[in-house]
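Chemist: Got a structure for you, query-v2.pdb, holding PDB, C-alpha atoms and all ligand atoms.
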ATOM      1  CA  MET X   1       0.000   0.000   0.000  1.00  0.00           C
ATOM      2  CA  ASN X   2       0.973   3.592  -0.626  1.00  0.00           C
ATOM      3  CA  LYS X   3       2.814   4.948   2.441  1.00  0.00           C
ATOM      4  CA  ILE X   4       1.155   8.334   2.317  1.00  0.00           C
ATOM      5  CA  LYS X   5      -2.277   6.713   2.265  1.00  0.00           C
ATOM      6  CA  GLU X   6      -1.279   4.455   5.126  1.00  0.00           C
ATOM      7  CA  VAL X   7      -0.302   7.428   7.292  1.00  0.00           C
ATOM      8  CA  LYS X   8      -3.550   9.144   6.396  1.00  0.00           C
ATOM      9  CA  GLU X   9      -5.515   6.119   7.521  1.00  0.00           C
ATOM     10  CA  ARG X  10      -3.683   5.786  10.832  1.00  0.00           C
ATOM     11  CA  ALA X  11      -3.564   9.452  11.815  1.00  0.00           C
ATOM     12  CA  ASP X  12      -6.297  11.520  13.411  1.00  0.00           C
ATOM     13  CA  ILE X  13      -6.684  14.923  11.787  1.00  0.00           C
ATOM     14  CA  ILE X  14      -7.905  16.549  15.001  1.00  0.00           C
ATOM     15  CA  LYS X  15      -4.798  15.477  16.899  1.00  0.00           C
ATOM     16  CA  VAL X  16      -2.603  16.547  13.995  1.00  0.00           C
ATOM     17  CA  ALA X  17      -4.209  19.992  13.861  1.00  0.00           C
ATOM     18  CA  GLU X  18      -3.838  20.490  17.601  1.00  0.00           C
ATOM     19  CA  TYR X  19      -0.244  19.314  17.574  1.00  0.00           C
ATOM     20  CA  PHE X  20       0.573  21.964  14.986  1.00  0.00           C
ATOM     21  CA  GLY X  21      -0.940  24.695  17.138  1.00  0.00           C
ATOM     22  CA  LEU X  22      -4.448  25.095  15.806  1.00  0.00           C
ATOM     23  CA  ARG X  23      -6.874  25.797  18.632  1.00  0.00           C
ATOM     24  CA  LEU X  24     -10.056  24.007  17.792  1.00  0.00           C
ATOM     25  CA  ASP X  25     -13.269  24.777  19.622  1.00  0.00           C
ATOM     26  CA  ARG X  26     -15.845  22.165  20.571  1.00  0.00           C
ATOM     27  CA  ALA X  27     -17.311  22.203  17.078  1.00  0.00           C
ATOM     28  CA  TYR X  28     -13.829  21.553  15.668  1.00  0.00           C
ATOM     29  CA  LYS X  29     -13.564  25.028  14.194  1.00  0.00           C
ATOM     30  CA  CYS X  30     -10.721  27.514  14.443  1.00  0.00           C
ATOM     31  CA  ILE X  31      -9.232  30.694  13.033  1.00  0.00           C
ATOM     32  CA  CYS X  32      -7.818  29.898   9.627  1.00  0.00           C
ATOM     33  CA  PRO X  33      -4.030  30.283   9.456  1.00  0.00           C
ATOM     34  CA  PHE X  34      -4.161  30.506   5.665  1.00  0.00           C
ATOM     35  CA  HIS X  35      -6.047  33.793   5.423  1.00  0.00           C
ATOM     36  CA  LYS X  36      -6.683  36.785   7.669  1.00  0.00           C
ATOM     37  CA  GLU X  37      -9.854  36.584   9.701  1.00  0.00           C
ATOM     38  CA  LYS X  38     -11.419  37.241  13.063  1.00  0.00           C
ATOM     39  CA  THR X  39     -14.131  34.613  13.181  1.00  0.00           C
ATOM     40  CA  ALA X  40     -13.334  30.937  12.901  1.00  0.00           C
ATOM     41  CA  SER X  41     -14.101  29.544   9.470  1.00  0.00           C
ATOM     42  CA  LEU X  42     -11.668  26.665   9.282  1.00  0.00           C
ATOM     43  CA  SER X  43     -13.639  23.598  10.184  1.00  0.00           C
ATOM     44  CA  PHE X  44     -12.684  19.967  10.730  1.00  0.00           C
ATOM     45  CA  SER X  45     -14.618  16.768  10.429  1.00  0.00           C
ATOM     46  CA  GLN X  46     -13.359  13.927  12.549  1.00  0.00           C
ATOM     47  CA  SER X  47     -15.630  11.362  10.940  1.00  0.00           C
ATOM     48  CA  LYS X  48     -14.502  12.295   7.426  1.00  0.00           C
ATOM     49  CA  GLN X  49     -10.932  13.168   8.492  1.00  0.00           C
ATOM     50  CA  ILE X  50     -10.918  16.336   6.415  1.00  0.00           C
ATOM     51  CA  PHE X  51     -10.742  20.092   6.878  1.00  0.00           C
ATOM     52  CA  HIS X  52     -12.215  22.963   4.944  1.00  0.00           C
ATOM     53  CA  CYS X  53     -12.089  26.742   5.193  1.00  0.00           C
ATOM     54  CA  PHE X  54     -15.270  28.579   4.309  1.00  0.00           C
ATOM     55  CA  GLY X  55     -13.296  31.799   4.029  1.00  0.00           C
ATOM     56  CA  CYS X  56     -10.462  31.026   1.619  1.00  0.00           C
ATOM     57  CA  GLY X  57     -11.480  27.612   0.359  1.00  0.00           C
ATOM     58  CA  VAL X  58      -8.447  25.566   1.402  1.00  0.00           C
ATOM     59  CA  GLY X  59      -9.171  22.014   2.383  1.00  0.00           C
ATOM     60  CA  GLY X  60      -7.984  18.440   2.359  1.00  0.00           C
ATOM     61  CA  ASP X  61      -6.837  15.688   4.679  1.00  0.00           C
ATOM     62  CA  CYS X  62      -4.216  15.651   7.439  1.00  0.00           C
ATOM     63  CA  ILE X  63      -1.418  15.270   4.897  1.00  0.00           C
ATOM     64  CA  THR X  64      -2.527  18.388   3.005  1.00  0.00           C
ATOM     65  CA  LEU X  65      -2.940  20.279   6.271  1.00  0.00           C
ATOM     66  CA  VAL X  66       0.642  19.672   7.368  1.00  0.00           C
ATOM     67  CA  SER X  67       1.960  20.253   3.838  1.00  0.00           C
ATOM     68  CA  LYS X  68       0.302  23.654   3.805  1.00  0.00           C
ATOM     69  CA  LEU X  69       1.255  24.598   7.356  1.00  0.00           C
ATOM     70  CA  LEU X  70       4.913  23.702   6.936  1.00  0.00           C
ATOM     71  CA  ASN X  71       5.131  24.320   3.221  1.00  0.00           C
ATOM     72  CA  ILE X  72       6.453  20.841   2.463  1.00  0.00           C
ATOM     73  CA  ASN X  73       5.379  18.148   0.024  1.00  0.00           C
ATOM     74  CA  ALA X  74       2.967  15.314   0.783  1.00  0.00           C
ATOM     75  CA  TYR X  75       5.706  12.710   1.206  1.00  0.00           C
ATOM     76  CA  GLU X  76       7.566  14.808   3.769  1.00  0.00           C
ATOM     77  CA  SER X  77       4.328  15.696   5.479  1.00  0.00           C
ATOM     78  CA  ALA X  78       3.339  12.037   5.822  1.00  0.00           C
ATOM     79  CA  LYS X  79       6.776  11.198   7.147  1.00  0.00           C
ATOM     80  CA  GLN X  80       6.556  13.924   9.797  1.00  0.00           C
ATOM     81  CA  ILE X  81       3.091  12.849  10.951  1.00  0.00           C
ATOM     82  CA  ASN X  82       4.293   9.273  11.081  1.00  0.00           C
ATOM     83  CA  ASP X  83       7.285  10.237  13.257  1.00  0.00           C
ATOM     84  CA  ILE X  84       5.403  12.588  15.581  1.00  0.00           C
ATOM     85  CA  PHE X  85       2.559  10.205  16.304  1.00  0.00           C
ATOM     86  CA  GLY X  86       4.550   6.987  16.092  1.00  0.00           C
ATOM     87  CA  LEU X  87       2.200   5.500  13.523  1.00  0.00           C
ATOM     88  CA  GLY X  88       4.658   2.798  12.566  1.00  0.00           C
ATOM     89  CA  VAL X  89       4.583   3.187   8.805  1.00  0.00           C
ATOM     90  CA  ASP X  90       7.942   2.066   7.468  1.00  0.00           C
ATOM     91  CA  PHE X  91       9.546   4.863   5.451  1.00  0.00           C
ATOM     92  CA  GLU X  92      12.930   3.162   5.247  1.00  0.00           C
ATOM     93  CA  LYS X  93      14.089   2.885   1.698  1.00  0.00           C
ATOM     94  CA  ARG X  94      14.182  -0.679   0.599  1.00  0.00           C
ATOM     95  CA  LYS X  95      17.096  -1.729  -1.537  1.00  0.00           C
ATOM     96  CA  THR X  96      15.814  -3.342  -4.676  1.00  0.00           C
ATOM     97  CA  THR X  97      17.908  -6.373  -5.441  1.00  0.00           C
ATOM     98  CA  TRP X  98      18.649  -7.723  -8.875  1.00  0.00           C
ATOM     99  CA  LEU X  99      16.845 -10.855  -7.872  1.00  0.00           C
ATOM    100  CA  GLU X 100      13.671  -8.843  -7.359  1.00  0.00           C
ATOM    101  CA  VAL X 101      14.094  -6.989 -10.631  1.00  0.00           C
ATOM    102  CA  ASN X 102      14.611 -10.296 -12.347  1.00  0.00           C
ATOM    103  CA  ARG X 103      11.529 -11.791 -10.744  1.00  0.00           C
ATOM    104  CA  TYR X 104       9.502  -8.789 -11.831  1.00  0.00           C
ATOM    105  CA  ILE X 105      10.687  -9.142 -15.419  1.00  0.00           C
ATOM    106  CA  GLN X 106       9.880 -12.862 -15.372  1.00  0.00           C
ATOM    107  CA  GLU X 107       6.409 -12.095 -14.103  1.00  0.00           C
ATOM    108  CA  GLN X 108       5.828  -9.495 -16.801  1.00  0.00           C
ATOM    109  CA  ARG X 109       6.924 -11.990 -19.427  1.00  0.00           C
ATOM    110  CA  ALA X 110       4.566 -14.596 -18.000  1.00  0.00           C
ATOM    111  CA  ILE X 111       1.727 -12.082 -18.139  1.00  0.00           C
ATOM    112  CA  GLU X 112       2.595 -11.213 -21.741  1.00  0.00           C
ATOM    113  CA  ARG X 113       2.705 -14.888 -22.639  1.00  0.00           C
ATOM    114  CA  PHE X 114      -0.653 -15.419 -21.014  1.00  0.00           C
ATOM    115  CA  TYR X 115      -2.293 -12.638 -23.003  1.00  0.00           C
ATOM    116  CA  LYS X 116      -0.644 -13.849 -26.168  1.00  0.00           C
ATOM    117  CA  TRP X 117      -2.002 -17.307 -25.479  1.00  0.00           C
ATOM    118  CA  HIS X 118      -5.460 -15.823 -24.864  1.00  0.00           C
ATOM    119  CA  ASN X 119      -5.418 -13.917 -28.147  1.00  0.00           C
ATOM    120  CA  GLU X 120      -4.204 -16.822 -30.198  1.00  0.00           C
ATOM    121  CA  THR X 121      -6.595 -19.286 -28.607  1.00  0.00           C
ATOM    122  CA  LEU X 122      -9.573 -17.028 -29.150  1.00  0.00           C
ATOM    123  CA  GLN X 123      -8.584 -16.549 -32.780  1.00  0.00           C
ATOM    124  CA  MET X 124      -8.128 -20.276 -33.185  1.00  0.00           C
ATOM    125  CA  MET X 125     -11.515 -21.101 -31.660  1.00  0.00           C
ATOM    126  CA  CYS X 126     -13.177 -18.610 -33.988  1.00  0.00           C
ATOM    127  CA  ASN X 127     -11.474 -20.143 -37.023  1.00  0.00           C
ATOM    128  CA  TYR X 128     -12.430 -23.580 -35.826  1.00  0.00           C
ATOM    129  CA  LEU X 129     -16.063 -22.602 -35.335  1.00  0.00           C
ATOM    130  CA  HIS X 130     -16.139 -21.089 -38.791  1.00  0.00           C
ATOM    131  CA  ASP X 131     -14.714 -24.273 -40.309  1.00  0.00           C
ATOM    132  CA  LEU X 132     -16.892 -26.785 -38.452  1.00  0.00           C
ATOM    133  CA  LYS X 133     -18.805 -28.978 -40.833  1.00  0.00           C
ATOM    134  CA  GLY X 134     -21.026 -32.056 -40.838  1.00  0.00           C
ATOM    135  CA  ILE X 135     -21.077 -34.335 -37.845  1.00  0.00           C
ATOM    136  CA  LYS X 136     -18.331 -32.379 -36.069  1.00  0.00           C
ATOM    137  CA  LYS X 137     -20.464 -29.279 -36.241  1.00  0.00           C
ATOM    138  CA  LEU X 138     -23.312 -31.101 -34.525  1.00  0.00           C
ATOM    139  CA  GLN X 139     -20.997 -32.485 -31.891  1.00  0.00           C
ATOM    140  CA  GLN X 140     -18.855 -29.479 -31.089  1.00  0.00           C
ATOM    141  CA  GLN X 141     -20.552 -26.237 -32.073  1.00  0.00           C
ATOM    142  CA  ASP X 142     -22.139 -25.654 -28.663  1.00  0.00           C
ATOM    143  CA  ALA X 143     -18.912 -26.252 -26.786  1.00  0.00           C
ATOM    144  CA  VAL X 144     -16.831 -24.105 -29.096  1.00  0.00           C
ATOM    145  CA  GLU X 145     -19.345 -21.264 -28.903  1.00  0.00           C
ATOM    146  CA  TYR X 146     -19.424 -21.557 -25.136  1.00  0.00           C
ATOM    147  CA  TYR X 147     -15.648 -21.331 -24.890  1.00  0.00           C
ATOM    148  CA  ILE X 148     -15.474 -18.379 -27.270  1.00  0.00           C
ATOM    149  CA  ASP X 149     -17.981 -16.633 -25.021  1.00  0.00           C
ATOM    150  CA  LEU X 150     -15.864 -17.466 -22.012  1.00  0.00           C
ATOM    151  CA  LEU X 151     -12.715 -16.161 -23.668  1.00  0.00           C
ATOM    152  CA  ILE X 152     -14.417 -12.897 -24.547  1.00  0.00           C
ATOM    153  CA  PHE X 153     -16.592 -12.203 -21.541  1.00  0.00           C
ATOM    154  CA  GLY X 154     -14.955 -14.296 -18.824  1.00  0.00           C
ATOM    155  CA  THR X 155     -12.486 -13.207 -16.210  1.00  0.00           C
ATOM    156  CA  GLU X 156      -8.778 -13.963 -16.270  1.00  0.00           C
ATOM    157  CA  GLU X 157      -9.482 -16.729 -13.766  1.00  0.00           C
ATOM    158  CA  ASP X 158     -11.907 -18.322 -16.222  1.00  0.00           C
ATOM    159  CA  TRP X 159      -9.263 -18.173 -18.925  1.00  0.00           C
ATOM    160  CA  LEU X 160      -6.683 -19.751 -16.651  1.00  0.00           C
ATOM    161  CA  TRP X 161      -9.137 -22.506 -15.835  1.00  0.00           C
ATOM    162  CA  PHE X 162      -9.827 -23.035 -19.516  1.00  0.00           C
ATOM    163  CA  LYS X 163      -6.123 -23.093 -20.307  1.00  0.00           C
ATOM    164  CA  LYS X 164      -5.522 -25.789 -17.719  1.00  0.00           C
ATOM    165  CA  THR X 165      -8.529 -28.002 -18.381  1.00  0.00           C
ATOM    166  CA  GLU X 166      -8.725 -27.829 -22.153  1.00  0.00           C
ATOM    167  CA  GLU X 167      -5.055 -27.692 -23.031  1.00  0.00           C
ATOM    168  CA  ARG X 168      -5.114 -31.006 -24.875  1.00  0.00           C
ATOM    169  CA  TRP X 169      -8.248 -30.231 -26.779  1.00  0.00           C
ATOM    170  CA  CYS X 170      -6.827 -26.857 -27.840  1.00  0.00           C
ATOM    171  CA  LYS X 171      -3.693 -28.555 -29.117  1.00  0.00           C
ATOM    172  CA  GLU X 172      -5.792 -31.016 -31.115  1.00  0.00           C
ATOM    173  CA  ILE X 173      -7.781 -28.195 -32.644  1.00  0.00           C
ATOM    174  CA  GLY X 174      -4.557 -26.406 -33.478  1.00  0.00           C
ATOM    175  CA  ARG X 175      -3.197 -29.487 -35.232  1.00  0.00           C
ATOM    176  CA  GLU X 176      -6.451 -30.041 -37.075  1.00  0.00           C
ATOM    177  CA  LEU X 177      -6.539 -26.481 -38.372  1.00  0.00           C
ATOM    178  CA  LYS X 178      -2.899 -26.743 -39.422  1.00  0.00           C
ATOM    179  CA  THR X 179      -3.365 -29.899 -41.474  1.00  0.00           C
ATOM    180  CA  ARG X 180      -6.525 -28.474 -43.004  1.00  0.00           C
ATOM    181  CA  ASN X 181      -4.666 -25.333 -44.024  1.00  0.00           C
ATOM    182  CA  THR X 182      -1.741 -27.223 -45.554  1.00  0.00           C
ATOM    183  CA  ARG X 183      -4.226 -29.394 -47.456  1.00  0.00           C
ATOM    184  CA  ARG X 184      -5.953 -26.268 -48.687  1.00  0.00           C
ATOM    185  CA  VAL X 185      -2.675 -24.722 -49.785  1.00  0.00           C
ATOM    186  CA  SER X 186      -1.597 -27.909 -51.618  1.00  0.00           C
ATOM    187  CA  THR X 187      -4.885 -28.068 -53.574  1.00  0.00           C
ATOM    188  CA  LEU X 188      -4.525 -24.500 -54.779  1.00  0.00           C
TER     189      LEU X 188
HETATM  190 ZN    ZN B 201      -8.986  30.213   5.262  1.00  0.00          ZN
END
Translate this file's structure into structure tokens.
Modeler:
Amino acid sequence: MNKIKEVKERADIIKVAEYFGLRLDRAYKCICPFHKEKTASLSFSQSKQIFHCFGCGVGGDCITLVSKLLNINAYESAKQINDIFGLGVDFEKRKTTWLEVNRYIQEQRAIERFYKWHNETLQMMCNYLHDLKGIKKLQQQDAVEYYIDLLIFGTEEDWLWFKKTEERWCKEIGRELKTRNTRRVSTL
């Protein structure tokens, strides 16, 4: 998870505001430090964990509040809040190892292969459906149509399931289409 988001979820905006010197009344309102005023128009919501000024329009969450008060960026702001309130979000930089980079690349390749497989299989099933004739058509049309549907409208989990369970059948279809095509070419 994003570290900044994690800090935001663990912190309490009311405590943050008070720590940084804003004097909230019972309704969680105070004089806005971002514009000149005499009546309090900066208001906080503890349930929503946000603030908003009805005078100058500034608003946001606890990260934005500290960023604006200290004039620092969101990352630094989150880090400060984390330190001050001991929220326990780990901001230590992790060293990325080559092993991890390698694993990531492998994963990306596997994902690419999977999508390539999906594309090719869908194309193949469509060709097969188009070519079905005679008794085979009667026997297989329903199944082929069902699987085409699944490959178009299913989830990736469905596709993975299909890949595992129908691997042999897909290979057979592939072979069949291949021999049919070579036959077609040789008769031309
Ligand atoms: Zn204001």
Chemist: When the PyMOL selection byres (((chain X and resi 81) around 12) and not hetatm) is applied to the structure above, which residues does it catch, written out as a PyMOL selection string?
Modeler: chain X and resi 3-13+15-17+19-20+62-67+70+74-80+82-89+91
Chemist: Apply the PyMOL selection byres (((chain X and resi 122-129) around 7) and not hetatm) to the structure shown and report the selected residues as JSON, numbers by chain.
Modeler: {"X": [118, 119, 120, 121, 130, 131, 132, 141, 144, 148, 151]}
Chemist: I would like the residues chosen by the PyMOL selection byres (((not hetatm)) within 8 of (chain B and resi 201)) on the shown file; could you give them as JSON, numbers by chain?
Modeler: {"X": [31, 32, 33, 34, 35, 36, 37, 41, 42, 52, 53, 54, 55, 56, 57, 58]}
Chemist: If I take atom CA of X:Lys29 and atom CA of X:Gln49, how far is one from the other in Å, to one decimal?
Modeler: 13.4 Å
Chemist: Give me the box for stretch 148-152 of chain X as AutoDock Vina command-line options, namely the centre and edge lengths in Å to one decimal of a box along x, y and z that holds every listed atom plus 5 Å on each side.
Modeler:
--center_x -15.3 --center_y -15.6 --center_z -24.6 --size_x 15.3 --size_y 15.5 --size_z 15.3
Chemist: Go ahead and compute the interatomic distance for atom CA of X:Phe114 and atom CA of X:Trp159, in Å to one decimal.
Modeler: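 Result for atom CA of X:Phe114 versus atom CA of X:Trp159: 9.3 Å, one decimal.
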